[in-house]
>>> print(open('upload.cif').read())   # mmCIF, C-alpha atoms
data_upload
#
loop_
_atom_site.group_PDB
_atom_site.id
_atom_site.type_symbol
_atom_site.label_atom_id
_atom_site.label_comp_id
_atom_site.auth_asym_id
_atom_site.auth_seq_id
_atom_site.Cartn_x
_atom_site.Cartn_y
_atom_site.Cartn_z
ATOM 1 C CA MET A 29 61.960 76.061 -142.435
ATOM 2 C CA THR A 30 59.203 73.881 -141.060
ATOM 3 C CA THR A 31 58.963 70.630 -139.182
ATOM 4 C CA GLY A 32 57.380 68.935 -142.211
ATOM 5 C CA LYS A 33 57.279 69.344 -145.960
ATOM 6 C CA PRO A 34 57.869 72.813 -147.439
ATOM 7 C CA VAL A 35 54.813 75.041 -147.427
ATOM 8 C CA LEU A 36 53.325 76.405 -150.615
ATOM 9 C CA ALA A 37 50.314 78.658 -150.280
ATOM 10 C CA GLY A 38 49.067 81.755 -152.000
ATOM 11 C CA TRP A 39 46.148 84.107 -151.690
ATOM 12 C CA ARG A 40 44.679 86.625 -154.073
ATOM 13 C CA VAL A 41 44.088 90.088 -152.673
ATOM 14 C CA LEU A 42 40.793 91.636 -153.774
ATOM 15 C CA THR A 43 39.141 94.964 -153.077
ATOM 16 C CA ILE A 44 36.090 94.782 -150.833
ATOM 17 C CA GLN A 45 34.157 97.301 -152.929
ATOM 18 C CA SER A 46 34.449 95.743 -156.385
ATOM 19 C CA ASN A 47 36.105 92.362 -155.829
ATOM 20 C CA GLN A 48 38.904 93.552 -158.154
ATOM 21 C CA LEU A 49 42.112 91.514 -158.098
ATOM 22 C CA ILE A 50 44.839 93.914 -156.934
ATOM 23 C CA GLY A 51 47.634 91.595 -155.845
ATOM 24 C CA PHE A 52 48.670 88.443 -154.055
ATOM 25 C CA CYS A 53 50.581 87.288 -151.012
ATOM 26 C CA GLY A 54 51.825 83.858 -150.043
ATOM 27 C CA LEU A 55 54.584 81.399 -149.290
ATOM 28 C CA LYS A 56 56.717 79.368 -151.636
ATOM 29 C CA TYR A 57 59.618 77.018 -151.192
ATOM 30 C CA MET A 58 62.710 78.267 -153.005
ATOM 31 C CA ASP A 59 64.897 75.287 -153.811
ATOM 32 C CA GLU A 60 67.789 77.469 -154.986
ATOM 33 C CA ILE A 61 68.272 78.889 -151.475
ATOM 34 C CA ASP A 62 66.535 76.092 -149.500
ATOM 35 C CA GLU A 63 64.165 78.528 -147.784
ATOM 36 C CA ILE A 64 60.464 79.298 -147.565
ATOM 37 C CA GLU A 65 59.831 82.786 -148.905
ATOM 38 C CA ILE A 66 56.976 85.118 -148.119
ATOM 39 C CA GLY A 67 56.221 87.113 -151.228
ATOM 40 C CA TYR A 68 53.707 89.709 -152.325
ATOM 41 C CA ARG A 69 52.931 91.917 -155.286
ATOM 42 C CA PHE A 70 50.333 94.622 -155.781
ATOM 43 C CA LEU A 71 49.200 96.761 -158.678
ATOM 44 C CA PRO A 72 51.013 100.133 -158.493
ATOM 45 C CA ALA A 73 47.719 101.991 -157.937
ATOM 46 C CA PHE A 74 47.469 100.211 -154.570
ATOM 47 C CA TRP A 75 51.020 100.847 -153.316
ATOM 48 C CA GLY A 76 51.480 102.917 -150.159
ATOM 49 C CA LYS A 77 48.073 102.066 -148.680
ATOM 50 C CA GLY A 78 49.203 99.548 -146.043
ATOM 51 C CA LEU A 79 47.901 96.572 -148.014
ATOM 52 C CA ALA A 80 51.255 94.778 -148.183
ATOM 53 C CA SER A 81 51.617 95.076 -144.409
ATOM 54 C CA GLU A 82 48.104 93.753 -143.872
ATOM 55 C CA ALA A 83 48.707 90.811 -146.217
ATOM 56 C CA VAL A 84 52.139 89.984 -144.773
ATOM 57 C CA LYS A 85 50.736 89.983 -141.243
ATOM 58 C CA ALA A 86 47.949 87.586 -142.211
ATOM 59 C CA VAL A 87 50.273 85.180 -144.032
ATOM 60 C CA LEU A 88 52.948 85.368 -141.325
ATOM 61 C CA ASP A 89 50.385 84.616 -138.610
ATOM 62 C CA TRP A 90 49.047 81.678 -140.648
ATOM 63 C CA ALA A 91 52.559 80.310 -141.301
ATOM 64 C CA LEU A 92 53.465 80.458 -137.614
ATOM 65 C CA GLU A 93 50.182 79.205 -136.164
ATOM 66 C CA GLU A 94 48.981 76.699 -138.744
ATOM 67 C CA LYS A 95 52.188 75.457 -140.369
ATOM 68 C CA HIS A 96 54.537 75.916 -137.402
ATOM 69 C CA CYS A 97 57.182 77.623 -139.515
ATOM 70 C CA THR A 98 60.220 78.681 -137.534
ATOM 71 C CA ARG A 99 62.044 80.576 -140.275
ATOM 72 C CA LEU A 100 60.802 82.541 -143.268
ATOM 73 C CA VAL A 101 62.653 84.762 -145.716
ATOM 74 C CA GLY A 102 61.858 87.609 -148.056
ATOM 75 C CA CYS A 103 63.938 88.293 -151.171
ATOM 76 C CA ILE A 104 63.916 92.019 -151.851
ATOM 77 C CA HIS A 105 65.426 93.986 -154.719
ATOM 78 C CA PRO A 106 68.086 96.261 -153.183
ATOM 79 C CA ASP A 107 66.285 99.400 -154.420
ATOM 80 C CA ASN A 108 62.881 98.441 -152.956
ATOM 81 C CA GLN A 109 62.889 100.417 -149.713
ATOM 82 C CA ALA A 110 59.125 100.048 -149.246
ATOM 83 C CA SER A 111 59.315 96.237 -149.118
ATOM 84 C CA LYS A 112 62.265 96.400 -146.732
ATOM 85 C CA LYS A 113 60.140 98.576 -144.455
ATOM 86 C CA VAL A 114 57.183 96.177 -144.646
ATOM 87 C CA LEU A 115 59.197 93.106 -143.653
ATOM 88 C CA SER A 116 61.203 94.987 -141.013
ATOM 89 C CA LYS A 117 57.925 96.004 -139.364
ATOM 90 C CA PHE A 118 57.290 92.307 -138.630
ATOM 91 C CA GLY A 119 60.741 91.460 -137.304
ATOM 92 C CA PHE A 120 62.510 90.409 -140.500
ATOM 93 C CA LYS A 121 66.196 91.361 -140.544
ATOM 94 C CA LYS A 122 68.619 91.506 -143.458
ATOM 95 C CA GLU A 123 70.892 88.471 -143.256
ATOM 96 C CA LYS A 124 72.817 88.511 -146.520
ATOM 97 C CA THR A 125 72.669 89.069 -150.255
ATOM 98 C CA VAL A 126 71.787 86.180 -152.588
ATOM 99 C CA ASN A 127 71.209 85.505 -156.267
ATOM 100 C CA VAL A 128 67.795 84.191 -157.280
ATOM 101 C CA ALA A 129 66.435 83.230 -160.685
ATOM 102 C CA PHE A 130 63.341 85.456 -160.576
ATOM 103 C CA ILE A 131 65.496 88.619 -160.402
ATOM 104 C CA PRO A 132 68.351 87.805 -162.786
ATOM 105 C CA ASP A 133 71.612 89.756 -162.753
ATOM 106 C CA VAL A 134 70.812 91.594 -159.491
ATOM 107 C CA PRO A 135 71.734 90.150 -156.103
ATOM 108 C CA VAL A 136 68.775 90.565 -153.737
ATOM 109 C CA ASP A 137 68.678 91.291 -150.026
ATOM 110 C CA LEU A 138 67.602 88.245 -148.022
ATOM 111 C CA PHE A 139 65.487 89.309 -145.050
ATOM 112 C CA VAL A 140 64.935 86.619 -142.416
ATOM 113 C CA TYR A 141 62.282 86.045 -139.767
ATOM 114 C CA GLU A 142 63.207 83.645 -136.954
ATOM 115 C CA ALA A 143 60.355 82.574 -134.700
ATOM 116 C CA SER A 144 61.094 82.835 -130.998
ATOM 117 C CA ASP A 145 60.123 80.061 -128.599
#
>>> encode(input="upload.cif", output="structure tokens")
Amino acid sequence: MTTGKPVLAGWRVLTIQSNQLIGFCGLKYMDEIDEIEIGYRFLPAFWGKGLASEAVKAVLDWALEEKHCTRLVGCIHPDNQASKKVLSKFGFKKEKTVNVAFIPDVPVDLFVYEASD
């Protein structure tokens, strides 16, 4: 969580060459689990190119430095090994399984990042 109001921020991800919208990354407050989630989505043609890692790093750095977040989560479908790898790379660890409205009928893995002092 943060020391103030929940953070809500999102950025479009565009290609440098053509300015094509290829995805997004950002933070949103999830009332149903009382957490701030880092989320991202990319067009399938851009998977496996390191773009999710680049976007997560930028948003994580911003959340820590500018918004002083001390805890962030990522809700990941249990079959999405690539997203688990992305968040794990930045110190997120699986804490538990939760149910969320945006992935109905499938409990998701809740990965957690705890800022160190």
>>> closest_residue(input="upload.cif", among="A:Val134, A:Pro106, A:Glu60, A:Phe70", to="Thr43 of chain A", atoms="all atoms listed in the file")
A:Phe70
>>> closest_residue(input="upload.cif", among="A:Tyr57, A:Phe74, A:Phe139, A:Phe118", to="Ala86 of chain A", atoms="only C-alpha atoms")
A:Phe118
>>> closest_residue(input="upload.cif", among="A:Ser111, A:Glu94, A:Glu123, A:Gly54", to="Arg40 of chain A", atoms="all atoms listed in the file")
A:Gly54
>>> resolve_selection(input="upload.cif", expression="the PyMOL selection byres ((chain A and resi 140) around 12)", output="PyMOL selection string")
chain A and resi 29+63-66+98-104+112+115-116+118-125+137-139+141-143
>>> atom_distance(input="upload.cif", atom1="atom CA of Asp59 of chain A", atom2="atom CA of Asn108 of chain A")
23.3 Å
>>> atom_distance(input="upload.cif", atom1="atom CA of Met58 of chain A", atom2="atom CA of Val128 of chain A")
8.9 Å
>>> closest_residue(input="upload.cif", among="A:Gly67, A:Ile131, A:Gly76, A:Ala91", to="Gln109 of chain A", atoms="only C-alpha atoms")
A:Gly76
>>> atom_distance(input="upload.cif", atom1="atom CA of Asp62 of chain A", atom2="atom CA of Lys117 of chain A")
23.9 Å
>>> residues_around(input="upload.cif", residues="Phe52 of chain A", least_positions_apart="2", cutoff="10 Å", atoms="only C-alpha atoms", output="short mmCIF file (atom, residue, chain, number, x, y, z; two decimals) with C-alpha atoms, in the coordinates of the input")
data_model
loop_
_atom_site.label_atom_id
_atom_site.label_comp_id
_atom_site.auth_asym_id
_atom_site.auth_seq_id
_atom_site.Cartn_x
_atom_site.Cartn_y
_atom_site.Cartn_z
CA GLY A 38 49.07 81.76 -152.00
CA TRP A 39 46.15 84.11 -151.69
CA ARG A 40 44.68 86.62 -154.07
CA VAL A 41 44.09 90.09 -152.67
CA LEU A 42 40.79 91.64 -153.77
CA LEU A 49 42.11 91.51 -158.10
CA ILE A 50 44.84 93.91 -156.93
CA GLY A 54 51.82 83.86 -150.04
CA GLY A 67 56.22 87.11 -151.23
CA TYR A 68 53.71 89.71 -152.32
CA ARG A 69 52.93 91.92 -155.29
CA PHE A 70 50.33 94.62 -155.78
CA LEU A 71 49.20 96.76 -158.68
CA ALA A 80 51.26 94.78 -148.18
CA ALA A 83 48.71 90.81 -146.22
#
>>> axis_aligned_box(input="upload.cif", around="segment 98-109 of chain A", padding_each_side="4 Å", output="lines of an AutoDock Vina configuration file")
center_x = 64.2
center_y = 89.5
center_z = -146.1
size_x = 15.9
size_y = 29.7
size_z = 25.2
>>> closest_residue(input="upload.cif", among="A:His105, A:Ile61, A:Asn47, A:Lys113", to="Val136 of chain A", atoms="only C-alpha atoms")
A:His105
